[in-house]
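K.L.:
Pasting a structure below so you can have a look.
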Amino acid sequence: MTTSDASDASDASDASDAKKTSPAPKQADNLLLQRNGPLTRELLLTPGEFGLGRVPARLKPDQTTTVVCGFCSTGCGLNVHLKDGEAINLSPNTDYPVNLGMACPKGWEALTPLRATDRATTPLLRNARGKLERVEWDVALRTFVDRFKAIQEAHGKESIAFISTGQIVTEEMAFLGALAKFGMGMLHGDGNTRQCMATAVVAYKEAFGFDAPPYTYRDFEESDVVVLVGSNLCIAHPIMWERLCKNKNRPEILVVDPRKTETAMAATAHYALKPKSDLTLFYGIAHILIQRGWIDPGYIEAHTVDFEAFKAHVADFTPARVSEATGLSEAQLASFAEKIHNGKRVSFWWTMGVNQSHEGVRVAQSLINLALMTGNIGRPGTGANSITGQCNAMGSRMFSNTTGLFAGHDFTKEEHRKKIAGILGIPEEVIPTRNSLAYDQIIEGILKGKIKGLWIIATNPAHSWINQEDLHELLGRLEFLVVQDMYATTETAERAHLVLPAASWAEKEGTFINSERRIGLVKKVARAPGQALADFHIFQLVAQYWGCGELFKEWKSPEAVFQILKRLSKGQPCDITGIDGYTMLDERGGIQWPYPEGAAFETNERRLFEDGQYYRPDQKAKFAFQAPRQLPEPTDEQYPLTLLTGRGSSSQWHTQTRTKKSAVLQRLYPKEIYVELSPVDAKRIGIEMNEWVVIASRRAEIKARAFVTNSVKPGEIFVPMHYEITNKLTFPAFDQYSRQPSYKACAVKVRREEDRG
Ligand SMILES: Nc1nc2c(c(=O)[nH]1)N[C@H]1C(S)=C(S)[C@@H](COP(=O)(O)OP(=O)(O)OC[C@H]3O[C@@H](n4cnc5c(=O)[nH]c(N)nc54)[C@H](O)[C@@H]3O)O[C@H]1N2
Ligand SMILES: Nc1nc2c(c(=O)[nH]1)N[C@H]1C(S)=C(S)[C@@H](COP(=O)(O)OP(=O)(O)OC[C@H]3O[C@@H](n4cnc5c(=O)[nH]c(N)nc54)[C@H](O)[C@@H]3O)O[C@H]1N2
Ligand code: SF4
Ligand SMILES: [Mo]
């Protein structure tokens, strides 16, 4: 595909007017050559940006090469087959230590979304008539700088903010975080990882002293009891599930989920607790374990603090009380505890059913506590294991420079700022001394008139953020909204004043960090269409146009940034100074952090805490706990049902900007929005299978097709997040410590479409 073909073939719907008036882009590189000054030209015309030069210098035009998948956090290795320098097909890599030859439907179809007709191929600027029209990069970048600087001049530096992502490569995230905070003077920047991982981060930091998921995927194969809490592994992490299926110990698989999910159906025991009663449940299980003496006093004594206070705290969580709160029988509770006790290698895994909760941090810690008190950590097949979501959620946690200073440092600590400034060779004064607002507070900042300009990169909040109608109204109040995405048609891009066209996964290089802390390599095996640029190049250009390019002299290529990240990590728990560079990552099938200089690890599948040493100053892990809190929006007579939301199928990815572009994937999931509801509720309301129904919350009403199924209990319904309108219903409640949204419980009612009121 030539660049001009691509820009002709694709077009943003809003830009069709503009297309008639502005000249059709010529060969993109010529155009950029003419329009930009020397520095820009040098940057943009780095060989390979529009062709297969730089990264594929290592590649031959007809070879096969491994690229880490760009969808979920499993981080599978995909073998991409090149012909004449273009990716034509892929197949899972049989030697990659993560997937061992397997891939899920999204992985198999990963190249298709690159070729979609609605790719953003030129920058688009909203004109006086309110339409997005094509402009050249030079105009786009000048406008970007002029508008944001004008806002800062009028309302102060803190009046512009950015929202980043867990879906671009680490080197790009790091560049963005440094550029925005050190170069452009922004204080506030957060990521979509707030929607996803913030709870696990806070829970680990408090308990272990560092945000450190301790496991390796081999633990799925080595456990004899696997506890999955609020995790629909079969759908959300199919290849991790496959790893679990390779377990030869005939493990007990205990699933804690209000719904009878695909994973629950495949489990040996399913605990269909009442939504958001997890904290009470796990305190209740701890109570039984302590009562029966089924704990590991030696481990507790040697490696933990605050157990006695925890023991006193759970004394009240009697089986009777816990049974009442969770809806599980006392016999179920006893059997749960017994299975944990009988296990020699028990692993506890959690995902969004825990993190997305008004008290998610404490729930995550209640699982960490169970692992600590039974000594199930640091040995094969054990652990308190948070599974991440997006391909680079872990990269964002370590290196995005949003909520924390690079590599686990703290913005508020002078010694940390001094250290980071020294490593980066920048003045200490450019590093903010305060923490950013969290995502929801940035949104609230728009309401309060404090945030006037917003730069959104590789996330689609107009679909994915909680309480959507409110957000839509607030996005409309911004003086300047820039959206940087690979498509010009996302719900958020359609609201932008300026759209910056980004290259996609596999059209650029860099690294992702998967759930087991493995740093894997992404390579450029396809050309970005039209004038779309790698996010990395967009950041370089912004730095030049903003006038802070000096700070980023060394940030010349993704691999140069990887070398900077190594220096930032030195001496930290996430030390990666022992990784030479991309070639080493490629040869080893990815490398897990930590990998300090001089490290000689015998295996490529490592877990943490084998020595029982944690990262807190006393090197001990801490029992953290708190009384359970009320549900933010309990059901009542008017809104008698609890709405659960989450992933619908293994073929749908989030807001569907990518997966809906594949005809193969489209056949694997329902096209129209649907609601799972129980036969009991369906009968009570008079609803038939497949009928359109109305779901109403206090925020909004939506229509969905009824899917009557026993997988949800009476009183609960489930709507997948992949359909645009789901988040019109959700209620904006947040965990008080992590500020992660509680997407998975709010009060709703359902009625037949023709009934009113
Ligand atoms: N196919 C596909 N895979 C994906 C994604 C995708 O969009 N599509 N997204 C990726 C991302 S970013 C993420 S974060 C992960 C998410 O992976 P998961 O967390 O596994 O997926 P979800 O469906 O959001 O939520 C898991 C389960 O939590 C349950 N749940 C709801 N409320 C509660 C509760 O109160 N307690 C308990 N114990 N459980 C509850 C839900 O019923 C649901 O089955 O998936 C990743 N993988
Ligand atoms: N109701 C409900 N809502 C939820 C959830 C839930 O369970 N229930 N889950 C939440 C969770 S865990 C998550 S992680 C979020 C996900 O929410 P989002 O982050 O909004 O979802 P995506 O669709 O993955 O958005 C990624 C965007 O980046 C673009 N993109 C992809 N690759 C690139 C790239 O390389 N560069 C650039 N510039 N753009 C790129 C895509 O086209 C897309 O528009 O949703 C949250 N929302
Ligand atoms: S499981 Fe995740 S990483 Fe593996 S192929 Fe599927 S989407 Fe890609
Ligand atoms: Mo997520």
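Residues are referred to by chain and number: the chain letter is A, B, ... according to the order shown in the structure tokens, the number counts from 1 in that chain, and ligands are numbered separately from 1 in the order shown.
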Report as a Markdown table: every residue of chain A with an atom at most 7 Å from ligand 2, its closest pair of atoms, and their distance in Å to one decimal, counting only C-alpha atoms and all ligand atoms, with rows sorted by chain and ascending residue number.

P.N.:
```
| residue | atom | partner | partner_atom_place_in_ligand_line | distance |
| --- | --- | --- | --- | --- |
| A:Thr165 | CA | ligand 2 | 19 (O) | 6.4 |
| A:Gln167 | CA | ligand 2 | 32 (N) | 6.0 |
| A:Ile168 | CA | ligand 2 | 35 (O) | 4.9 |
| A:Asn192 | CA | ligand 2 | 19 (O) | 5.4 |
| A:Thr193 | CA | ligand 2 | 14 (S) | 5.9 |
| A:Gln195 | CA | ligand 2 | 11 (C) | 5.0 |
| A:Cys196 | CA | ligand 2 | 12 (S) | 3.8 |
| A:Met352 | CA | ligand 2 | 12 (S) | 6.6 |
| A:Gly389 | CA | ligand 2 | 14 (S) | 6.2 |
| A:Gln390 | CA | ligand 2 | 14 (S) | 6.1 |
| A:Ile457 | CA | ligand 2 | 38 (N) | 5.1 |
| A:Ala458 | CA | ligand 2 | 28 (O) | 3.2 |
| A:Thr459 | CA | ligand 2 | 27 (C) | 3.6 |
| A:Asn460 | CA | ligand 2 | 20 (O) | 3.3 |
| A:Pro461 | CA | ligand 2 | 20 (O) | 4.6 |
| A:His463 | CA | ligand 2 | 20 (O) | 6.3 |
| A:Ser464 | CA | ligand 2 | 47 (N) | 4.1 |
| A:Trp465 | CA | ligand 2 | 47 (N) | 5.5 |
| A:Ile466 | CA | ligand 2 | 3 (N) | 6.3 |
| A:Gln484 | CA | ligand 2 | 38 (N) | 4.6 |
| A:Asp485 | CA | ligand 2 | 39 (N) | 3.7 |
| A:Met486 | CA | ligand 2 | 39 (N) | 4.8 |
| A:Tyr487 | CA | ligand 2 | 42 (O) | 5.4 |
| A:Thr490 | CA | ligand 2 | 44 (O) | 5.6 |
| A:Ala502 | CA | ligand 2 | 38 (N) | 4.8 |
| A:Ala503 | CA | ligand 2 | 35 (O) | 5.8 |
| A:Ser504 | CA | ligand 2 | 35 (O) | 4.0 |
| A:Trp505 | CA | ligand 2 | 35 (O) | 5.0 |
| A:Asp535 | CA | ligand 2 | 38 (N) | 5.9 |
| A:Thr645 | CA | ligand 2 | 8 (N) | 4.8 |
| A:Gly646 | CA | ligand 2 | 7 (O) | 3.8 |
| A:Arg647 | CA | ligand 2 | 7 (O) | 6.4 |
| A:Trp653 | CA | ligand 2 | 23 (O) | 6.3 |
| A:His654 | CA | ligand 2 | 23 (O) | 4.3 |
| A:Thr655 | CA | ligand 2 | 23 (O) | 3.7 |
| A:Gln656 | CA | ligand 2 | 23 (O) | 5.4 |
| A:Thr657 | CA | ligand 2 | 42 (O) | 5.0 |
| A:Arg658 | CA | ligand 2 | 42 (O) | 6.0 |
| A:Met721 | CA | ligand 2 | 1 (N) | 4.7 |
| A:Thr726 | CA | ligand 2 | 1 (N) | 6.0 |
| A:Asn727 | CA | ligand 2 | 1 (N) | 5.1 |
| A:Thr730 | CA | ligand 2 | 1 (N) | 6.5 |
| A:Tyr743 | CA | ligand 2 | 8 (N) | 5.0 |
| A:Lys744 | CA | ligand 2 | 8 (N) | 6.4 |
```

K.L.:
What residues have any atom no more than 8 Å from ligand 1 when counting only C-alpha atoms and all ligand atoms, and can you list them as a count of residues only?

P.N.:
59

K.L.:
Applying 10 Å and only C-alpha atoms, which residues near Ala506 in chain A remain after dropping the ones on its own chain fewer than 4 positions away? List them as a PDB file with N, CA, C and O atoms, in the first residue's frame.

P.N.:
```pdb
ATOM      1  N   VAL A  67       6.516 -10.411  17.126  1.00  0.00           N
ATOM      2  CA  VAL A  67       6.031  -9.142  17.666  1.00  0.00           C
ATOM      3  C   VAL A  67       5.078  -9.487  18.808  1.00  0.00           C
ATOM      4  O   VAL A  67       4.265 -10.400  18.668  1.00  0.00           O
ATOM      5  N   VAL A  68       5.186  -8.761  19.923  1.00  0.00           N
ATOM      6  CA  VAL A  68       4.264  -9.029  21.033  1.00  0.00           C
ATOM      7  C   VAL A  68       2.896  -8.432  20.719  1.00  0.00           C
ATOM      8  O   VAL A  68       2.799  -7.304  20.234  1.00  0.00           O
ATOM      9  N   CYS A  69       1.846  -9.172  21.000  1.00  0.00           N
ATOM     10  CA  CYS A  69       0.461  -8.768  20.682  1.00  0.00           C
ATOM     11  C   CYS A  69       0.108  -7.433  21.350  1.00  0.00           C
ATOM     12  O   CYS A  69       0.528  -7.161  22.480  1.00  0.00           O
ATOM     13  N   GLY A  70      -0.707  -6.633  20.661  1.00  0.00           N
ATOM     14  CA  GLY A  70      -1.061  -5.305  21.158  1.00  0.00           C
ATOM     15  C   GLY A  70      -2.451  -5.210  21.757  1.00  0.00           C
ATOM     16  O   GLY A  70      -2.978  -4.107  21.912  1.00  0.00           O
ATOM     17  N   VAL A  80       5.038 -12.660  12.804  1.00  0.00           N
ATOM     18  CA  VAL A  80       4.491 -11.919  11.667  1.00  0.00           C
ATOM     19  C   VAL A  80       5.290 -12.298  10.423  1.00  0.00           C
ATOM     20  O   VAL A  80       6.519 -12.293  10.442  1.00  0.00           O
ATOM     21  N   ALA A  87       3.826  -6.827   6.160  1.00  0.00           N
ATOM     22  CA  ALA A  87       3.239  -7.925   6.931  1.00  0.00           C
ATOM     23  C   ALA A  87       2.046  -8.462   6.167  1.00  0.00           C
ATOM     24  O   ALA A  87       1.132  -7.703   5.832  1.00  0.00           O
ATOM     25  N   ALA A 110      -4.946  -9.628  14.556  1.00  0.00           N
ATOM     26  CA  ALA A 110      -4.345  -8.358  14.994  1.00  0.00           C
ATOM     27  C   ALA A 110      -3.932  -7.432  13.850  1.00  0.00           C
ATOM     28  O   ALA A 110      -3.866  -6.213  14.026  1.00  0.00           O
ATOM     29  N   LEU A 111      -3.660  -7.974  12.688  1.00  0.00           N
ATOM     30  CA  LEU A 111      -3.230  -7.088  11.593  1.00  0.00           C
ATOM     31  C   LEU A 111      -4.410  -6.404  10.893  1.00  0.00           C
ATOM     32  O   LEU A 111      -4.247  -5.361  10.251  1.00  0.00           O
ATOM     33  N   LEU A 114      -5.417  -2.600  11.285  1.00  0.00           N
ATOM     34  CA  LEU A 114      -4.466  -1.638  10.725  1.00  0.00           C
ATOM     35  C   LEU A 114      -4.943  -1.150   9.358  1.00  0.00           C
ATOM     36  O   LEU A 114      -4.622  -0.035   8.937  1.00  0.00           O
ATOM     37  N   GLY A 510       8.960  -0.550  20.007  1.00  0.00           N
ATOM     38  CA  GLY A 510       8.992  -0.208  21.423  1.00  0.00           C
ATOM     39  C   GLY A 510       8.727  -1.453  22.242  1.00  0.00           C
ATOM     40  O   GLY A 510       8.713  -2.559  21.704  1.00  0.00           O
ATOM     41  N   VAL A 522       7.900  -4.894  20.531  1.00  0.00           N
ATOM     42  CA  VAL A 522       6.980  -4.625  19.425  1.00  0.00           C
ATOM     43  C   VAL A 522       7.827  -4.090  18.283  1.00  0.00           C
ATOM     44  O   VAL A 522       8.693  -3.238  18.492  1.00  0.00           O
ATOM     45  N   LYS A 523       7.590  -4.607  17.084  1.00  0.00           N
ATOM     46  CA  LYS A 523       8.409  -4.154  15.949  1.00  0.00           C
ATOM     47  C   LYS A 523       7.544  -3.518  14.884  1.00  0.00           C
ATOM     48  O   LYS A 523       6.343  -3.800  14.793  1.00  0.00           O
ATOM     49  N   LYS A 524       8.220  -2.758  14.075  1.00  0.00           N
ATOM     50  CA  LYS A 524       7.516  -2.126  12.956  1.00  0.00           C
ATOM     51  C   LYS A 524       7.524  -3.086  11.767  1.00  0.00           C
ATOM     52  O   LYS A 524       8.559  -3.330  11.163  1.00  0.00           O
ATOM     53  N   VAL A 525       6.368  -3.624  11.474  1.00  0.00           N
ATOM     54  CA  VAL A 525       6.272  -4.577  10.370  1.00  0.00           C
ATOM     55  C   VAL A 525       5.251  -4.115   9.327  1.00  0.00           C
ATOM     56  O   VAL A 525       4.927  -4.839   8.393  1.00  0.00           O
ATOM     57  N   ALA A 526       4.679  -2.918   9.535  1.00  0.00           N
ATOM     58  CA  ALA A 526       3.728  -2.393   8.558  1.00  0.00           C
ATOM     59  C   ALA A 526       3.876  -0.883   8.513  1.00  0.00           C
ATOM     60  O   ALA A 526       4.369  -0.275   9.462  1.00  0.00           O
ATOM     61  N   ARG A 527       3.470  -0.293   7.373  1.00  0.00           N
ATOM     62  CA  ARG A 527       3.550   1.167   7.262  1.00  0.00           C
ATOM     63  C   ARG A 527       2.274   1.797   7.786  1.00  0.00           C
ATOM     64  O   ARG A 527       1.184   1.300   7.533  1.00  0.00           O
ATOM     65  N   ALA A 528       2.428   2.901   8.474  1.00  0.00           N
ATOM     66  CA  ALA A 528       1.242   3.655   8.872  1.00  0.00           C
ATOM     67  C   ALA A 528       0.649   4.296   7.622  1.00  0.00           C
ATOM     68  O   ALA A 528       1.386   4.685   6.714  1.00  0.00           O
TER      69      ALA A 528
END
```

K.L.:
As a PyMOL selection string, which residues of range 374-423 of chain A does DSSP assign to helix (DSSP H, G or I)?

P.N.:
chain A and resi 393-399+414-423

K.L.:
Name all residues at most 10 Å from range 548-564 of chain A (count only C-alpha atoms; drop same-chain ones fewer than 3 positions away) and give them as a PyMOL selection string.

P.N.:
chain A and resi 39+43+46+169-172+174-175+178-179+182-184+423-427+508-511+536-537+539-545+567-569+576-577+579-582

K.L.:
Got a sec: who's within 8 Å of Leu228 in chain A, counting only C-alpha atoms, leaving out chain neighbours fewer than 4 positions off, as a ChimeraX atom specification?

P.N.:
/A:253-256,348-350

K.L.:
Write out the residues from the selection above, keeping N, CA, C and O atoms, as an mmCIF file, in the first residue's frame.

P.N.:
```cif
data_model
loop_
_atom_site.group_PDB
_atom_site.id
_atom_site.type_symbol
_atom_site.label_atom_id
_atom_site.label_comp_id
_atom_site.auth_asym_id
_atom_site.auth_seq_id
_atom_site.Cartn_x
_atom_site.Cartn_y
_atom_site.Cartn_z
ATOM 1 N N ILE A 253 -10.229 -25.291 41.064
ATOM 2 C CA ILE A 253 -10.346 -23.921 40.540
ATOM 3 C C ILE A 253 -11.576 -23.302 41.191
ATOM 4 O O ILE A 253 -12.699 -23.745 40.963
ATOM 5 N N LEU A 254 -11.339 -22.311 42.041
ATOM 6 C CA LEU A 254 -12.441 -21.680 42.776
ATOM 7 C C LEU A 254 -12.704 -20.318 42.139
ATOM 8 O O LEU A 254 -11.800 -19.478 42.087
ATOM 9 N N VAL A 255 -13.905 -20.112 41.658
ATOM 10 C CA VAL A 255 -14.226 -18.837 41.019
ATOM 11 C C VAL A 255 -15.196 -18.053 41.895
ATOM 12 O O VAL A 255 -16.244 -18.572 42.297
ATOM 13 N N VAL A 256 -14.809 -16.824 42.207
ATOM 14 C CA VAL A 256 -15.661 -15.941 43.010
ATOM 15 C C VAL A 256 -16.179 -14.854 42.084
ATOM 16 O O VAL A 256 -15.423 -13.966 41.660
ATOM 17 N N PHE A 348 -3.862 -16.927 44.496
ATOM 18 C CA PHE A 348 -5.051 -16.057 44.490
ATOM 19 C C PHE A 348 -4.888 -15.047 43.358
ATOM 20 O O PHE A 348 -3.895 -14.305 43.338
ATOM 21 N N TRP A 349 -5.813 -15.012 42.428
ATOM 22 C CA TRP A 349 -5.721 -14.121 41.268
ATOM 23 C C TRP A 349 -6.934 -13.213 41.255
ATOM 24 O O TRP A 349 -8.044 -13.662 41.542
ATOM 25 N N TRP A 350 -6.745 -11.972 40.910
ATOM 26 C CA TRP A 350 -7.923 -11.105 40.797
ATOM 27 C C TRP A 350 -7.795 -10.168 39.612
ATOM 28 O O TRP A 350 -6.692 -9.861 39.156
#
```

K.L.:
Could you tell me how far CA of Gly107 in chain A lies from atom 1 (S, counted along the ligand's line) of ligand 3, in Å and to one decimal?

P.N.:
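Spanning CA of Gly107 in chain A to atom 1 (S, counted along the ligand's line) of ligand 3 is a straight-line distance of 6.7 Å.
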
K.L.:
Show which residues sit within 9 Å of His358 in chain A, as JSON, numbers by chain. Count only C-alpha atoms, and ignore same-chain residues fewer than 4 positions away.

P.N.:
{"A": [276, 629, 630, 631, 632, 733, 734, 735, 736, 739, 740, 741, 742]}

K.L.:
Could you pull out the strand (DSSP E or B) residues of range 357-490 of chain A, going by DSSP on the backbone, and write them as a PyMOL selection string?

P.N.:
chain A and resi 383-386+390+405+409+453-457+480-485+487

K.L.:
Measuring between only C-alpha atoms and all ligand atoms, which one of A:Ser386, A:Ser347, A:Thr65, A:Gln332 shows the shortest distance to ligand 4?

P.N.:
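Closest residue, counting only C-alpha atoms and all ligand atoms: A:Ser386.
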
K.L.:
Have a look at CA of Met689 in chain A and CA of Lys661 in chain A and let me know their distance in Å, one decimal.

P.N.:
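Interatomic distance here is 28.2 Å.
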
K.L.:
What's the separation between CA of His341 in chain A and CA of Leu328 in chain A, in Å to one decimal place?

P.N.:
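Going from CA of His341 in chain A over to CA of Leu328 in chain A covers 19.0 Å.
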
K.L.:
Env of range 438-447 of chain A: 9 Å cut, atoms = only C-alpha atoms, seq-sep filter 3 positions within chain, self excluded. Answer as a PyMOL selection string.

P.N.:
chain A and resi 159+161-163+188-192+194-195+403+435+450-453+471+474-475+477-478+732+734+738-741

K.L.:
Quick one: write out the picked residues with N, CA, C and O atoms as a CSV table (one decimal), in the first residue's frame?

P.N.:
```
chain,number,residue,atom,x,y,z
A,159,SER,N,-3.9,24.6,33.8
A,159,SER,CA,-5.2,24.6,33.2
A,159,SER,C,-5.3,23.6,32.0
A,159,SER,O,-6.3,23.5,31.4
A,161,ALA,N,-4.3,19.6,30.7
A,161,ALA,CA,-3.9,18.3,31.3
A,161,ALA,C,-3.9,17.3,30.2
A,161,ALA,O,-4.3,17.5,29.1
A,162,PHE,N,-3.4,16.1,30.5
A,162,PHE,CA,-3.4,15.0,29.5
A,162,PHE,C,-4.0,13.7,30.1
A,162,PHE,O,-3.9,13.5,31.3
A,163,ILE,N,-4.5,12.9,29.2
A,163,ILE,CA,-5.0,11.6,29.6
A,163,ILE,C,-4.4,10.6,28.7
A,163,ILE,O,-4.6,10.6,27.5
A,188,HIS,N,-1.1,18.1,35.8
A,188,HIS,CA,-2.1,17.0,35.8
A,188,HIS,C,-2.1,16.2,34.6
A,188,HIS,O,-2.2,16.6,33.4
A,189,GLY,N,-1.9,14.9,34.8
A,189,GLY,CA,-1.9,13.9,33.7
A,189,GLY,C,-2.2,12.5,34.3
A,189,GLY,O,-1.5,12.1,35.3
A,190,ASP,N,-3.1,11.8,33.8
A,190,ASP,CA,-3.4,10.5,34.3
A,190,ASP,C,-3.7,9.6,33.1
A,190,ASP,O,-3.5,10.0,31.9
A,191,GLY,N,-4.0,8.3,33.3
A,191,GLY,CA,-4.1,7.4,32.2
A,191,GLY,C,-5.4,6.5,32.4
A,191,GLY,O,-6.0,6.5,33.4
A,192,ASN,N,-5.7,5.8,31.3
A,192,ASN,CA,-6.9,4.9,31.4
A,192,ASN,C,-6.6,3.8,32.3
A,192,ASN,O,-7.4,3.0,32.7
A,194,ARG,N,-6.1,4.2,35.3
A,194,ARG,CA,-6.9,4.5,36.5
A,194,ARG,C,-8.2,3.7,36.5
A,194,ARG,O,-8.7,3.3,37.5
A,195,GLN,N,-8.7,3.4,35.3
A,195,GLN,CA,-10.0,2.7,35.2
A,195,GLN,C,-9.8,1.2,35.5
A,195,GLN,O,-10.8,0.5,35.5
A,403,THR,N,0.9,9.3,37.8
A,403,THR,CA,0.6,9.4,39.2
A,403,THR,C,1.9,9.4,40.1
A,403,THR,O,1.9,9.9,41.2
A,435,ASN,N,1.6,16.1,43.3
A,435,ASN,CA,1.0,15.0,42.5
A,435,ASN,C,-0.1,15.5,41.6
A,435,ASN,O,-0.7,16.5,41.9
A,450,LYS,N,-11.4,24.7,36.1
A,450,LYS,CA,-9.9,24.8,36.3
A,450,LYS,C,-9.2,24.2,35.1
A,450,LYS,O,-8.0,24.5,34.9
A,451,ILE,N,-9.7,23.1,34.5
A,451,ILE,CA,-9.1,22.5,33.4
A,451,ILE,C,-9.8,23.0,32.1
A,451,ILE,O,-11.0,22.8,31.9
A,452,LYS,N,-9.0,23.6,31.2
A,452,LYS,CA,-9.6,24.2,30.0
A,452,LYS,C,-9.2,23.6,28.7
A,452,LYS,O,-9.7,23.7,27.7
A,453,GLY,N,-8.0,22.9,28.8
A,453,GLY,CA,-7.5,22.2,27.6
A,453,GLY,C,-7.1,20.8,28.0
A,453,GLY,O,-6.6,20.5,29.1
A,471,LEU,N,-19.8,13.2,31.3
A,471,LEU,CA,-18.5,13.4,30.6
A,471,LEU,C,-18.7,14.1,29.3
A,471,LEU,O,-18.0,15.0,29.0
A,474,LEU,N,-19.2,17.7,29.7
A,474,LEU,CA,-18.0,18.4,30.2
A,474,LEU,C,-16.9,18.5,29.1
A,474,LEU,O,-16.3,19.5,28.9
A,475,LEU,N,-16.8,17.4,28.2
A,475,LEU,CA,-15.9,17.5,27.1
A,475,LEU,C,-16.2,18.7,26.2
A,475,LEU,O,-15.4,19.4,25.7
A,477,ARG,N,-17.3,21.5,27.2
A,477,ARG,CA,-17.0,22.8,27.8
A,477,ARG,C,-15.5,23.1,27.6
A,477,ARG,O,-15.1,24.2,27.9
A,478,LEU,N,-14.7,22.2,27.1
A,478,LEU,CA,-13.3,22.5,27.0
A,478,LEU,C,-13.0,23.5,25.9
A,478,LEU,O,-13.6,23.5,24.8
A,732,PRO,N,-21.0,7.2,39.1
A,732,PRO,CA,-19.6,7.5,39.3
A,732,PRO,C,-19.3,7.5,40.8
A,732,PRO,O,-19.3,8.4,41.5
A,734,PHE,N,-16.1,5.9,43.4
A,734,PHE,CA,-14.7,5.6,43.3
A,734,PHE,C,-14.1,5.0,44.6
A,734,PHE,O,-14.6,5.3,45.6
A,738,SER,N,-7.7,4.5,45.7
A,738,SER,CA,-7.1,4.4,44.3
A,738,SER,C,-7.8,5.3,43.3
A,738,SER,O,-7.3,5.5,42.2
A,739,ARG,N,-9.0,5.8,43.7
A,739,ARG,CA,-9.8,6.6,42.8
A,739,ARG,C,-10.2,5.9,41.5
A,739,ARG,O,-10.4,6.4,40.5
A,740,GLN,N,-10.2,4.5,41.6
A,740,GLN,CA,-10.6,3.8,40.4
A,740,GLN,C,-12.1,3.7,40.4
A,740,GLN,O,-12.8,3.6,41.5
A,741,PRO,N,-12.7,3.9,39.2
A,741,PRO,CA,-14.2,3.9,39.2
A,741,PRO,C,-14.8,2.5,39.5
A,741,PRO,O,-14.2,1.5,39.1
```

K.L.:
Using only C-alpha atoms, can you tell me which of A:Lys749, A:Arg362, A:Arg126, A:Lys622 comes closest to Ala302 in chain A?

P.N.:
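Looking at the shortest contact to Ala302 in chain A, the residue is A:Lys622.
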
K.L.:
Could you tell me which of A:Thr112, A:Gln572, A:Thr402, A:Thr374 comes closest to Tyr595 in chain A if we count only C-alpha atoms?

P.N.:
A:Gln572

K.L.:
Pick the closest to Asp306 in chain A from A:Ala180, A:Leu372, A:Ile88, A:Ala334: which is it, counting only C-alpha atoms?

P.N.:
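Result for the nearest residue to Asp306 in chain A: A:Leu372.
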
K.L.:
Using only C-alpha atoms and all ligand atoms, pick whichever of A:Val680, A:Ala203, A:Ala103, A:Ala198 has the shortest atom-to-atom distance to ligand 4.

P.N.:
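Closest residue, counting only C-alpha atoms and all ligand atoms: A:Ala198.
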